[in-house]
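Pasting data.pdb here (PDB, C-alpha atoms):
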```
ATOM      1  CA  MET O 132     -11.516  20.851 -27.775
ATOM      2  CA  ASP O 133     -12.478  19.198 -31.039
ATOM      3  CA  ARG O 134     -16.171  18.242 -30.863
ATOM      4  CA  ASN O 135     -15.747  15.813 -33.754
ATOM      5  CA  GLU O 136     -12.744  13.946 -32.415
ATOM      6  CA  PRO O 137     -13.465  10.182 -32.725
ATOM      7  CA  LEU O 138     -14.684   8.709 -29.437
ATOM      8  CA  ASP O 139     -12.305   5.750 -29.432
ATOM      9  CA  GLN O 140      -9.371   8.110 -29.931
ATOM     10  CA  ILE O 141     -10.469  10.168 -26.905
ATOM     11  CA  LYS O 142     -10.866   7.081 -24.734
ATOM     12  CA  THR O 143      -7.551   5.598 -25.847
ATOM     13  CA  ARG O 144      -5.723   8.845 -25.080
ATOM     14  CA  ARG O 145      -7.203   9.126 -21.589
ATOM     15  CA  ASP O 146      -6.910   5.456 -20.685
ATOM     16  CA  SER O 147      -3.320   5.139 -21.838
ATOM     17  CA  ALA O 148      -2.356   8.313 -19.944
ATOM     18  CA  LEU O 149      -3.994   6.951 -16.776
ATOM     19  CA  ASN O 150      -2.311   3.591 -17.302
ATOM     20  CA  ALA O 151       1.037   5.347 -17.727
ATOM     21  CA  LEU O 152       0.553   7.120 -14.380
ATOM     22  CA  VAL O 153      -0.416   3.969 -12.516
ATOM     23  CA  SER O 154       1.775   1.310 -14.122
ATOM     24  CA  GLY O 155       4.980   3.172 -13.263
ATOM     25  CA  VAL O 156       4.499   2.503  -9.538
ATOM     26  CA  PRO O 157       5.511  -1.047  -8.446
ATOM     27  CA  TYR O 158       3.926  -0.679  -4.994
ATOM     28  CA  MET O 159       0.515   0.107  -6.511
ATOM     29  CA  HIS O 160       0.761  -3.045  -8.612
ATOM     30  CA  TRP O 161       1.784  -5.112  -5.552
ATOM     31  CA  LEU O 162      -1.221  -3.881  -3.552
ATOM     32  CA  GLY O 163      -3.459  -4.563  -6.573
ATOM     33  CA  ILE O 164      -4.816  -1.006  -6.839
ATOM     34  CA  ARG O 165      -6.528  -0.063 -10.119
ATOM     35  CA  PHE O 166      -8.510   2.967 -11.241
ATOM     36  CA  ASP O 167     -11.961   3.226 -12.811
ATOM     37  CA  ARG O 168     -12.393   6.302 -14.988
ATOM     38  CA  ARG O 169     -15.613   8.128 -15.933
ATOM     39  CA  GLY O 170     -14.612  11.173 -17.949
ATOM     40  CA  ASP O 171     -12.054  12.825 -15.694
ATOM     41  CA  GLU O 172     -13.502  11.287 -12.516
ATOM     42  CA  LEU O 173     -11.341   8.562 -10.969
ATOM     43  CA  THR O 174     -12.322   5.901  -8.457
ATOM     44  CA  ALA O 175      -9.536   3.817  -6.975
ATOM     45  CA  VAL O 176     -10.332   0.150  -6.375
ATOM     46  CA  LEU O 177      -8.468  -2.088  -3.937
ATOM     47  CA  PRO O 178      -9.564  -5.699  -4.528
ATOM     48  CA  PHE O 179      -9.411  -7.772  -1.361
ATOM     49  CA  ASP O 180      -6.420 -10.018  -0.836
ATOM     50  CA  ARG O 181      -5.330 -11.990   2.224
ATOM     51  CA  LYS O 182      -2.006 -10.183   2.412
ATOM     52  CA  LEU O 183      -3.891  -6.929   3.136
ATOM     53  CA  ILE O 184      -5.145  -8.228   6.497
ATOM     54  CA  GLY O 185      -3.894  -6.488   9.641
ATOM     55  CA  ASN O 186      -6.107  -8.144  12.230
ATOM     56  CA  PRO O 187      -6.588 -11.859  11.564
ATOM     57  CA  GLN O 188      -9.069 -12.286  14.466
ATOM     58  CA  LEU O 189     -11.770  -9.909  13.193
ATOM     59  CA  PRO O 190     -10.562 -10.052  10.340
ATOM     60  CA  ALA O 191      -9.856  -6.457   9.247
ATOM     61  CA  LEU O 192      -7.735  -4.651   6.668
ATOM     62  CA  HIS O 193      -4.365  -3.404   7.928
ATOM     63  CA  GLY O 194      -4.481   0.289   8.862
ATOM     64  CA  GLY O 195      -1.281   0.775   6.907
ATOM     65  CA  VAL O 196      -2.910  -0.686   3.800
ATOM     66  CA  THR O 197      -5.842   1.704   4.169
ATOM     67  CA  ALA O 198      -3.401   4.595   4.585
ATOM     68  CA  ALA O 199      -1.347   3.512   1.572
ATOM     69  CA  PHE O 200      -4.510   3.131  -0.524
ATOM     70  CA  LEU O 201      -5.679   6.642   0.427
ATOM     71  CA  GLU O 202      -2.260   8.134  -0.220
ATOM     72  CA  MET O 203      -1.957   6.439  -3.608
ATOM     73  CA  THR O 204      -5.441   7.648  -4.576
ATOM     74  CA  ALA O 205      -4.540  11.211  -3.586
ATOM     75  CA  ILE O 206      -1.257  11.151  -5.548
ATOM     76  CA  VAL O 207      -2.815   9.734  -8.723
ATOM     77  CA  GLU O 208      -5.791  12.130  -8.581
ATOM     78  CA  LEU O 209      -3.474  15.093  -8.080
ATOM     79  CA  ALA O 210      -1.116  14.090 -10.923
ATOM     80  CA  TRP O 211      -4.114  13.293 -13.148
ATOM     81  CA  ALA O 212      -5.820  16.643 -12.460
ATOM     82  CA  ALA O 213      -2.540  18.504 -12.990
ATOM     83  CA  MET O 214      -1.935  16.931 -16.413
ATOM     84  CA  TRP O 215      -5.539  16.921 -17.691
ATOM     85  CA  GLU O 216      -5.332  20.213 -19.645
ATOM     86  CA  ASP O 217      -2.026  19.272 -21.280
ATOM     87  CA  LEU O 218      -3.359  15.823 -22.091
ATOM     88  CA  GLU O 219      -6.582  17.066 -23.681
ATOM     89  CA  SER O 220      -4.852  19.737 -25.711
ATOM     90  CA  GLY O 221      -2.328  17.189 -27.018
ATOM     91  CA  ARG O 222       0.698  18.932 -25.471
ATOM     92  CA  ILE O 223       1.654  15.672 -23.722
ATOM     93  CA  ALA O 224       1.005  12.006 -24.470
ATOM     94  CA  PRO O 225       2.232   9.871 -21.567
ATOM     95  CA  ASP O 226       3.015   6.314 -22.615
ATOM     96  CA  ALA O 227       3.821   3.526 -20.161
ATOM     97  CA  ALA O 228       6.302   2.073 -22.691
ATOM     98  CA  MET O 229       8.350   5.296 -22.674
ATOM     99  CA  PRO O 230       9.549   6.087 -19.133
ATOM    100  CA  GLU O 231      10.733   9.573 -20.088
ATOM    101  CA  SER O 232       7.192  10.509 -21.185
ATOM    102  CA  LEU O 233       5.751   9.750 -17.739
ATOM    103  CA  PRO O 234       4.773  12.732 -15.628
ATOM    104  CA  ARG O 235       6.681  13.088 -12.350
ATOM    105  CA  LEU O 236       4.555  12.367  -9.319
ATOM    106  CA  PRO O 237       3.944  14.847  -6.487
ATOM    107  CA  LYS O 238       5.874  14.164  -3.262
ATOM    108  CA  THR O 239       3.975  13.702  -0.007
ATOM    109  CA  ILE O 240       4.835  16.309   2.634
ATOM    110  CA  ASP O 241       2.445  15.052   5.285
ATOM    111  CA  PHE O 242      -0.488  12.721   5.512
ATOM    112  CA  THR O 243      -3.168  12.566   8.220
ATOM    113  CA  VAL O 244      -5.601   9.681   8.247
ATOM    114  CA  ASP O 245      -8.730   9.220  10.383
ATOM    115  CA  TYR O 246      -9.850   5.640  10.824
ATOM    116  CA  LEU O 247     -13.635   5.633  11.035
ATOM    117  CA  ARG O 248     -14.542   1.947  10.804
ATOM    118  CA  SER O 249     -12.484  -1.197  10.610
ATOM    119  CA  GLY O 250     -11.970  -2.302   7.016
ATOM    120  CA  LEU O 251     -13.845  -5.484   6.141
ATOM    121  CA  PRO O 252     -12.179  -8.325   4.236
ATOM    122  CA  ARG O 253     -13.653  -7.215   0.917
ATOM    123  CA  ASP O 254     -12.980  -4.680  -1.870
ATOM    124  CA  ALA O 255     -12.453  -1.024  -0.955
ATOM    125  CA  TYR O 256     -12.941   2.122  -3.024
ATOM    126  CA  ALA O 257     -11.561   5.632  -2.748
ATOM    127  CA  ARG O 258     -11.947   9.032  -4.337
ATOM    128  CA  ALA O 259      -9.814  12.106  -3.840
ATOM    129  CA  ASN O 260     -10.641  15.759  -4.185
ATOM    130  CA  VAL O 261      -7.930  18.305  -4.944
ATOM    131  CA  VAL O 262      -8.880  21.101  -2.572
ATOM    132  CA  ARG O 263      -6.126  23.437  -3.719
ATOM    133  CA  SER O 264      -3.366  22.928  -6.222
ATOM    134  CA  GLY O 265      -0.821  25.707  -6.499
ATOM    135  CA  ARG O 266       2.398  25.917  -8.478
ATOM    136  CA  ARG O 267       4.408  24.446  -5.631
ATOM    137  CA  TYR O 268       2.063  22.996  -2.997
ATOM    138  CA  ALA O 269      -1.227  21.118  -3.069
ATOM    139  CA  SER O 270      -3.811  20.061  -0.515
ATOM    140  CA  VAL O 271      -5.890  16.953  -1.180
ATOM    141  CA  GLN O 272      -8.781  15.353   0.683
ATOM    142  CA  VAL O 273      -9.513  11.655   0.165
ATOM    143  CA  GLU O 274     -12.196   9.213   1.329
ATOM    144  CA  ALA O 275     -12.416   5.408   1.327
ATOM    145  CA  TRP O 276     -15.461   3.197   1.681
ATOM    146  CA  GLN O 277     -16.548  -0.381   1.050
ATOM    147  CA  ASP O 278     -20.181  -1.433   0.746
ATOM    148  CA  ASN O 279     -21.820   1.958   1.309
ATOM    149  CA  ARG O 280     -20.560   5.200  -0.153
ATOM    150  CA  ALA O 281     -21.956   7.104   2.844
ATOM    151  CA  ARG O 282     -20.265   4.867   5.428
ATOM    152  CA  LEU O 283     -16.590   5.788   5.117
ATOM    153  CA  ILE O 284     -13.966   3.460   6.540
ATOM    154  CA  ALA O 285     -11.327   6.204   6.516
ATOM    155  CA  GLN O 286     -10.632   9.723   5.342
ATOM    156  CA  ALA O 287      -7.388  11.608   4.979
ATOM    157  CA  THR O 288      -5.950  15.033   4.270
ATOM    158  CA  ALA O 289      -2.566  15.301   2.631
ATOM    159  CA  HIS O 290      -0.167  17.995   1.487
ATOM    160  CA  PHE O 291       2.091  17.554  -1.497
ATOM    161  CA  LEU O 292       5.062  19.176  -3.133
ATOM    162  CA  MET O 293       4.378  19.520  -6.864
ATOM    163  CA  PRO O 294       7.068  18.355  -9.325
ATOM    164  CA  GLN O 295       8.977  21.330 -10.741
ATOM    165  CA  GLY O 296       9.785  21.904 -14.401
TER     166      GLY O 296
ATOM    167  CA  MET G  49      16.979  -8.583  38.424
ATOM    168  CA  ASN G  50      20.476  -9.308  37.144
ATOM    169  CA  GLY G  51      21.527  -8.512  33.591
ATOM    170  CA  ASP G  52      21.149 -12.027  32.219
ATOM    171  CA  ALA G  53      17.651 -12.469  33.595
ATOM    172  CA  ARG G  54      16.582  -9.143  32.153
ATOM    173  CA  ASP G  55      18.076  -9.991  28.757
ATOM    174  CA  GLY G  56      16.220 -13.299  28.913
ATOM    175  CA  ALA G  57      12.919 -11.558  29.694
ATOM    176  CA  GLU G  58      13.468  -9.073  26.875
ATOM    177  CA  GLU G  59      14.256 -11.848  24.425
ATOM    178  CA  ASN G  60      11.107 -13.618  25.504
ATOM    179  CA  HIS G  61       9.071 -10.447  24.957
ATOM    180  CA  ALA G  62      10.600  -9.976  21.527
ATOM    181  CA  ARG G  63       9.810 -13.591  20.638
ATOM    182  CA  ILE G  64       6.154 -13.195  21.656
ATOM    183  CA  ALA G  65       5.979  -9.900  19.762
ATOM    184  CA  GLN G  66       7.488 -11.540  16.692
ATOM    185  CA  GLN G  67       4.800 -14.251  16.842
ATOM    186  CA  PHE G  68       2.189 -11.481  17.113
ATOM    187  CA  ILE G  69       3.632  -9.873  13.971
ATOM    188  CA  GLU G  70       3.820 -13.198  12.119
ATOM    189  CA  ALA G  71       0.077 -13.631  12.707
ATOM    190  CA  ILE G  72      -0.591 -10.389  10.777
ATOM    191  CA  PRO G  73      -0.616 -11.285   7.073
ATOM    192  CA  HIS G  74       0.279  -7.772   5.929
ATOM    193  CA  ALA G  75       3.193  -7.481   8.381
ATOM    194  CA  ARG G  76       4.461 -10.832   7.116
ATOM    195  CA  ALA G  77       4.017  -9.731   3.498
ATOM    196  CA  LEU G  78       6.239  -6.727   4.248
ATOM    197  CA  ARG G  79       8.727  -9.021   6.089
ATOM    198  CA  MET G  80       8.601  -7.017   9.319
ATOM    199  CA  ARG G  81      10.887  -8.012  12.176
ATOM    200  CA  VAL G  82      10.563  -7.089  15.857
ATOM    201  CA  ASP G  83      13.952  -5.788  17.007
ATOM    202  CA  GLU G  84      13.023  -4.543  20.484
ATOM    203  CA  ILE G  85       9.933  -4.463  22.635
ATOM    204  CA  GLY G  86       9.433  -2.983  26.107
ATOM    205  CA  ASP G  87       6.903  -1.219  28.305
ATOM    206  CA  GLY G  88       4.963   0.966  25.850
ATOM    207  CA  CYS G  89       7.676   0.974  23.206
ATOM    208  CA  ALA G  90       8.602  -1.065  20.169
ATOM    209  CA  VAL G  91      11.226  -1.160  17.427
ATOM    210  CA  ILE G  92      10.232  -2.904  14.193
ATOM    211  CA  SER G  93      12.160  -2.970  10.918
ATOM    212  CA  MET G  94      11.651  -4.218   7.375
ATOM    213  CA  PRO G  95      13.852  -4.651   4.322
ATOM    214  CA  TRP G  96      13.734  -2.542   1.159
ATOM    215  CA  ASP G  97      12.201  -4.426  -1.757
ATOM    216  CA  GLU G  98      11.684  -3.658  -5.438
ATOM    217  CA  HIS G  99       7.926  -4.200  -5.355
ATOM    218  CA  LEU G 100       7.522  -1.552  -2.613
ATOM    219  CA  VAL G 101       8.940   1.235  -4.758
ATOM    220  CA  GLY G 102       6.743   4.311  -5.185
ATOM    221  CA  ASP G 103       8.987   6.275  -7.533
ATOM    222  CA  PRO G 104      10.633   4.073 -10.186
ATOM    223  CA  ARG G 105      12.962   6.897 -11.292
ATOM    224  CA  SER G 106      14.708   6.945  -7.918
ATOM    225  CA  GLY G 107      13.884   3.512  -6.440
ATOM    226  CA  VAL G 108      12.523   5.226  -3.330
ATOM    227  CA  ILE G 109      10.065   3.170  -1.288
ATOM    228  CA  HIS G 110       6.450   4.381  -1.267
ATOM    229  CA  GLY G 111       5.222   6.508   1.634
ATOM    230  CA  GLY G 112       2.383   4.064   2.197
ATOM    231  CA  VAL G 113       4.901   1.373   3.163
ATOM    232  CA  VAL G 114       6.345   3.686   5.809
ATOM    233  CA  SER G 115       2.764   4.287   7.040
ATOM    234  CA  ALA G 116       2.166   0.545   7.347
ATOM    235  CA  LEU G 117       5.403   0.057   9.289
ATOM    236  CA  MET G 118       4.749   2.992  11.657
ATOM    237  CA  ASP G 119       1.146   1.902  12.208
ATOM    238  CA  THR G 120       2.195  -1.663  13.061
ATOM    239  CA  CYS G 121       4.987  -0.425  15.326
ATOM    240  CA  CYS G 122       2.609   1.933  17.208
ATOM    241  CA  GLY G 123       0.103  -0.912  17.614
ATOM    242  CA  ALA G 124       2.819  -3.214  18.993
ATOM    243  CA  ALA G 125       3.952  -0.524  21.459
ATOM    244  CA  VAL G 126       0.371  -0.079  22.716
ATOM    245  CA  MET G 127       0.010  -3.837  23.194
ATOM    246  CA  ALA G 128       3.340  -3.932  25.063
ATOM    247  CA  HIS G 129       2.241  -1.224  27.529
ATOM    248  CA  SER G 130       2.336  -2.318  31.178
ATOM    249  CA  SER G 131      -1.406  -1.597  31.565
ATOM    250  CA  GLN G 132      -1.918  -4.588  29.228
ATOM    251  CA  PRO G 133      -4.638  -3.472  26.782
ATOM    252  CA  ARG G 134      -6.683  -6.350  25.397
ATOM    253  CA  SER G 135      -6.560  -4.955  21.883
ATOM    254  CA  THR G 136      -5.914  -1.736  19.984
ATOM    255  CA  ALA G 137      -6.937   0.050  16.804
ATOM    256  CA  THR G 138      -5.728   3.216  15.111
ATOM    257  CA  ILE G 139      -7.945   6.285  15.653
ATOM    258  CA  ASP G 140      -5.738   8.634  13.684
ATOM    259  CA  LEU G 141      -2.178   8.829  12.465
ATOM    260  CA  ARG G 142      -0.293  11.799  11.062
ATOM    261  CA  ILE G 143       2.921  11.184   9.197
ATOM    262  CA  ASP G 144       5.456  13.840   8.240
ATOM    263  CA  TYR G 145       7.684  12.731   5.382
ATOM    264  CA  MET G 146      10.967  14.498   6.053
ATOM    265  CA  ARG G 147      13.046  12.978   3.268
ATOM    266  CA  ALA G 148      13.210  10.034   0.852
ATOM    267  CA  ALA G 149      14.367   6.723   2.360
ATOM    268  CA  ARG G 150      17.554   5.506   0.676
ATOM    269  CA  PRO G 151      16.943   2.680  -1.808
ATOM    270  CA  GLY G 152      18.283  -0.681  -0.674
ATOM    271  CA  GLN G 153      18.390   0.159   3.041
ATOM    272  CA  ARG G 154      16.297  -1.361   5.850
ATOM    273  CA  ILE G 155      13.712   0.908   7.402
ATOM    274  CA  THR G 156      13.368   0.874  11.174
ATOM    275  CA  ALA G 157      10.451   2.345  13.106
ATOM    276  CA  ARG G 158      10.553   3.221  16.813
ATOM    277  CA  ALA G 159       7.267   3.912  18.549
ATOM    278  CA  GLU G 160       6.448   4.917  22.118
ATOM    279  CA  VAL G 161       3.332   5.523  24.142
ATOM    280  CA  TYR G 162       3.899   9.018  25.506
ATOM    281  CA  HIS G 163       0.601   9.139  27.341
ATOM    282  CA  MET G 164      -1.873   6.420  28.226
ATOM    283  CA  THR G 165      -5.420   6.982  29.464
ATOM    284  CA  ARG G 166      -8.062   4.375  30.280
ATOM    285  CA  SER G 167      -9.141   4.166  26.664
ATOM    286  CA  VAL G 168      -6.621   6.042  24.519
ATOM    287  CA  ALA G 169      -2.894   5.698  23.859
ATOM    288  CA  PHE G 170      -1.121   8.804  22.531
ATOM    289  CA  MET G 171       1.741   7.747  20.315
ATOM    290  CA  ARG G 172       4.913   9.101  18.792
ATOM    291  CA  ALA G 173       6.995   7.264  16.241
ATOM    292  CA  VAL G 174       9.996   7.815  14.024
ATOM    293  CA  ALA G 175      11.226   5.968  10.929
ATOM    294  CA  LEU G 176      14.937   5.693  10.151
ATOM    295  CA  ASP G 177      17.142   4.143   7.497
ATOM    296  CA  ASP G 178      20.867   3.416   7.965
ATOM    297  CA  ASP G 179      21.563   7.116   8.481
ATOM    298  CA  ASP G 180      21.894   8.436  12.044
ATOM    299  CA  THR G 181      18.940   9.039  14.361
ATOM    300  CA  SER G 182      19.139  12.830  13.960
ATOM    301  CA  ASN G 183      18.098  12.525  10.307
ATOM    302  CA  PRO G 184      14.808  10.552  10.257
ATOM    303  CA  VAL G 185      12.952   9.528   7.096
ATOM    304  CA  ALA G 186       9.582  10.287   8.714
ATOM    305  CA  THR G 187       7.944  11.000  12.039
ATOM    306  CA  ALA G 188       4.419  10.204  13.161
ATOM    307  CA  THR G 189       2.000  11.067  15.920
ATOM    308  CA  GLY G 190      -1.245   9.271  16.511
ATOM    309  CA  ALA G 191      -4.020   8.224  18.828
ATOM    310  CA  PHE G 192      -4.805   4.544  19.296
ATOM    311  CA  THR G 193      -7.632   2.875  21.184
ATOM    312  CA  ALA G 194      -6.745   0.860  24.278
ATOM    313  CA  GLU G 195      -9.462  -1.699  24.787
ATOM    314  CA  ARG G 196      -9.741  -3.107  28.299
TER     315      ARG G 196
END
```
Have the structure of the file written as structure tokens, please.
Amino acid sequence: MDRNEPLDQIKTRRDSALNALVSGVPYMHWLGIRFDRRGDELTAVLPFDRKLIGNPQLPALHGGVTAAFLEMTAIVELAWAAMWEDLESGRIAPDAAMPESLPRLPKTIDFTVDYLRSGLPRDAYARANVVRSGRRYASVQVEAWQDNRARLIAQATAHFLMPQG
Amino acid sequence: MNGDARDGAEENHARIAQQFIEAIPHARALRMRVDEIGDGCAVISMPWDEHLVGDPRSGVIHGGVVSALMDTCCGAAVMAHSSQPRSTATIDLRIDYMRAARPGQRITARAEVYHMTRSVAFMRAVALDDDDTSNPVATATGAFTAER
């Protein structure tokens, strides 16, 4: 770490690497998912849109949307955590404009989601925690909420196969 | 019931189920289609589309899309159960991703209620592409509420 590295250079490096991870996935763009970054901490944001509704009577978010949002958050957090050291040391510099520079994403092996409350027709947030990341397999826990951080709408546990080589 | 009458009843069911799906904005956004519906079972499919891709290198559809399809299909199967639940919601859903779905192919989910209690439906589902039924893209098990 270089203590005197210019701040804007640090932020640009991290933001463009995060953007490279996220912008390569059409489905994430279609759902409208974006990521807020504070240092290495990521919060996924899913802005409300009518096409995300699964129950028009209540109305409530579609369970599949909630699941997809949690899964996407887990994948991005895992890929982000896995590349952090290489990114900070300058060994890699992912750039959305250069597809070959993009890190390969982990593959989902299984995904278990608990629905705790019905999702309201408003923005949702999620954060993932990499519980264990080995050379080949990883286990990730992820939570989603809306108005209150303590009142989760859903949580999930997922296992991933890490990209090799 | 003779064959024609049964086919007619099934078509009618499928039409009602399709209307149910059309009323769900997210199901419509994913262009889901009800192929079959019966007592506690449902078959729903959707086309591959570029904006649903999760891995741009391979063109493989994102796992979350498969989740959405399986979840909708399970919900439809619960609603089609002969005990006629008033409504349903997902309690939990576990999906095993067995292999990547082939780019360009339709994905079809089949869901069945394998046990129904007064308040809970225990579900199994499978997702297939054009390949044969012995080689599924994903399988799921879940518990759904059955509101009376």
Listing only residues of chain G within 6 Å of chain O, what is the closest atom pair and its distance in Å (to one decimal) for each, using only C-alpha atoms, sorted by chain and residue number ascending, as CSV?
```
residue,atom,partner,partner_atom,distance
G:Ile72,CA,O:Gly185,CA,5.2
G:Pro73,CA,O:Lys182,CA,5.0
G:His74,CA,O:Lys182,CA,4.8
G:His99,CA,O:Pro157,CA,5.0
G:Leu100,CA,O:Tyr158,CA,4.4
G:Val101,CA,O:Tyr158,CA,5.4
G:Gly102,CA,O:Val156,CA,5.2
G:Gly112,CA,O:Ala199,CA,3.8
G:Ser115,CA,O:Gly195,CA,5.4
G:Ala116,CA,O:Gly195,CA,3.5
G:Asp119,CA,O:Gly195,CA,5.9
G:Ile139,CA,O:Tyr246,CA,5.2
G:Asp140,CA,O:Asp245,CA,4.5
G:Leu141,CA,O:Val244,CA,5.5
G:Arg142,CA,O:Thr243,CA,4.1
G:Ile143,CA,O:Phe242,CA,5.3
G:Asp144,CA,O:Asp241,CA,4.4
G:Tyr145,CA,O:Ile240,CA,5.3
```
With C-alpha atoms kept, could you save the residues just selected as a tab-separated table (two decimals), in the coordinates of the input?
```
chain	number	residue	atom	x	y	z
G	72	ILE	CA	-0.59	-10.39	10.78
G	73	PRO	CA	-0.62	-11.28	7.07
G	74	HIS	CA	0.28	-7.77	5.93
G	99	HIS	CA	7.93	-4.20	-5.36
G	100	LEU	CA	7.52	-1.55	-2.61
G	101	VAL	CA	8.94	1.24	-4.76
G	102	GLY	CA	6.74	4.31	-5.18
G	112	GLY	CA	2.38	4.06	2.20
G	115	SER	CA	2.76	4.29	7.04
G	116	ALA	CA	2.17	0.55	7.35
G	119	ASP	CA	1.15	1.90	12.21
G	139	ILE	CA	-7.94	6.28	15.65
G	140	ASP	CA	-5.74	8.63	13.68
G	141	LEU	CA	-2.18	8.83	12.46
G	142	ARG	CA	-0.29	11.80	11.06
G	143	ILE	CA	2.92	11.18	9.20
G	144	ASP	CA	5.46	13.84	8.24
G	145	TYR	CA	7.68	12.73	5.38
```
Residues matched by the PyMOL selection byres ((chain O and resi 168-177) around 9), written as an MDAnalysis selection string: chainID O and resid 142 145:146 149 162:167 178:180 200:201 203:204 207:208 211:212 215 253:259 275
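Using all atoms listed in the file for every distance, the candidate list G:Pro95, G:Ala157, G:Gly152, G:Glu84 yields G:Ala157 as the residue closest to Thr120 of chain G.
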Pick out the closest residue to Leu117 of chain G from this set: G:Thr193, G:Gln67, G:Ser131, G:Thr156. Count all atoms listed in the file.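 Distance minimum relative to Leu117 of chain G lands on G:Thr156.
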What separation in Å, quoted to one decimal, exists between atom CA of Ala191 of chain O and atom CA of Cys89 of chain G? 23.6 Å
Exactly which residues make up the result of the PyMOL selection byres ((chain G and resi 160) around 12) on this file, given as number ranges by chain? G: 84-92, 118-129, 157-159, 161-164, 169-174, 187-192
As AutoDock Vina command-line options, what would the box around segment 166-174 of chain G look like: edges along x, y and z, 4 Å added on every side, centre and edge lengths in Å to one decimal?
```
--center_x 0.4 --center_y 6.6 --center_z 22.2 --size_x 27.1 --size_y 12.9 --size_z 24.3
```
Contact residues around Leu233 of chain O with all atoms listed in the file at 12 Å, ignoring same-chain residues under 6 positions, as a PyMOL selection string: (chain O and resi 147-156+210-211+214+218+223-227) or (chain G and resi 103-105)
Restricting the calculation to all atoms listed in the file: of G:Ala137, G:Ala65, G:Ala57, G:Ala71, which residue gets closest to Gly250 of chain O?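 Nearest candidate to Gly250 of chain O out of G:Ala137, G:Ala65, G:Ala57, G:Ala71: G:Ala137.
Interatomic distance, atom CA of Asn183 of chain G to atom CA of Trp96 of chain G: 18.2 Å.
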To one decimal in Å, tell me the separation between atom CA of Val114 of chain G and atom CA of Arg280 of chain O.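 Pair atom CA of Val114 of chain G / atom CA of Arg280 of chain O returns 27.6 Å.
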Around (-9.1, 22.9, 0.4) in the file's own coordinates, what residues are found within 8 Å if you use all atoms listed in the file, given back as a list in words?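 Every residue inside that radius is included here: Val261, Val262, Arg263, Ser270, Val271 and Gln272 of chain O.
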Using the chain letters and numbering of this document, enumerate as a PyMOL selection string the residues selected by the PyMOL selection byres ((chain G and resi 179) around 12). chain G and resi 147-150+153-156+175-178+180-185
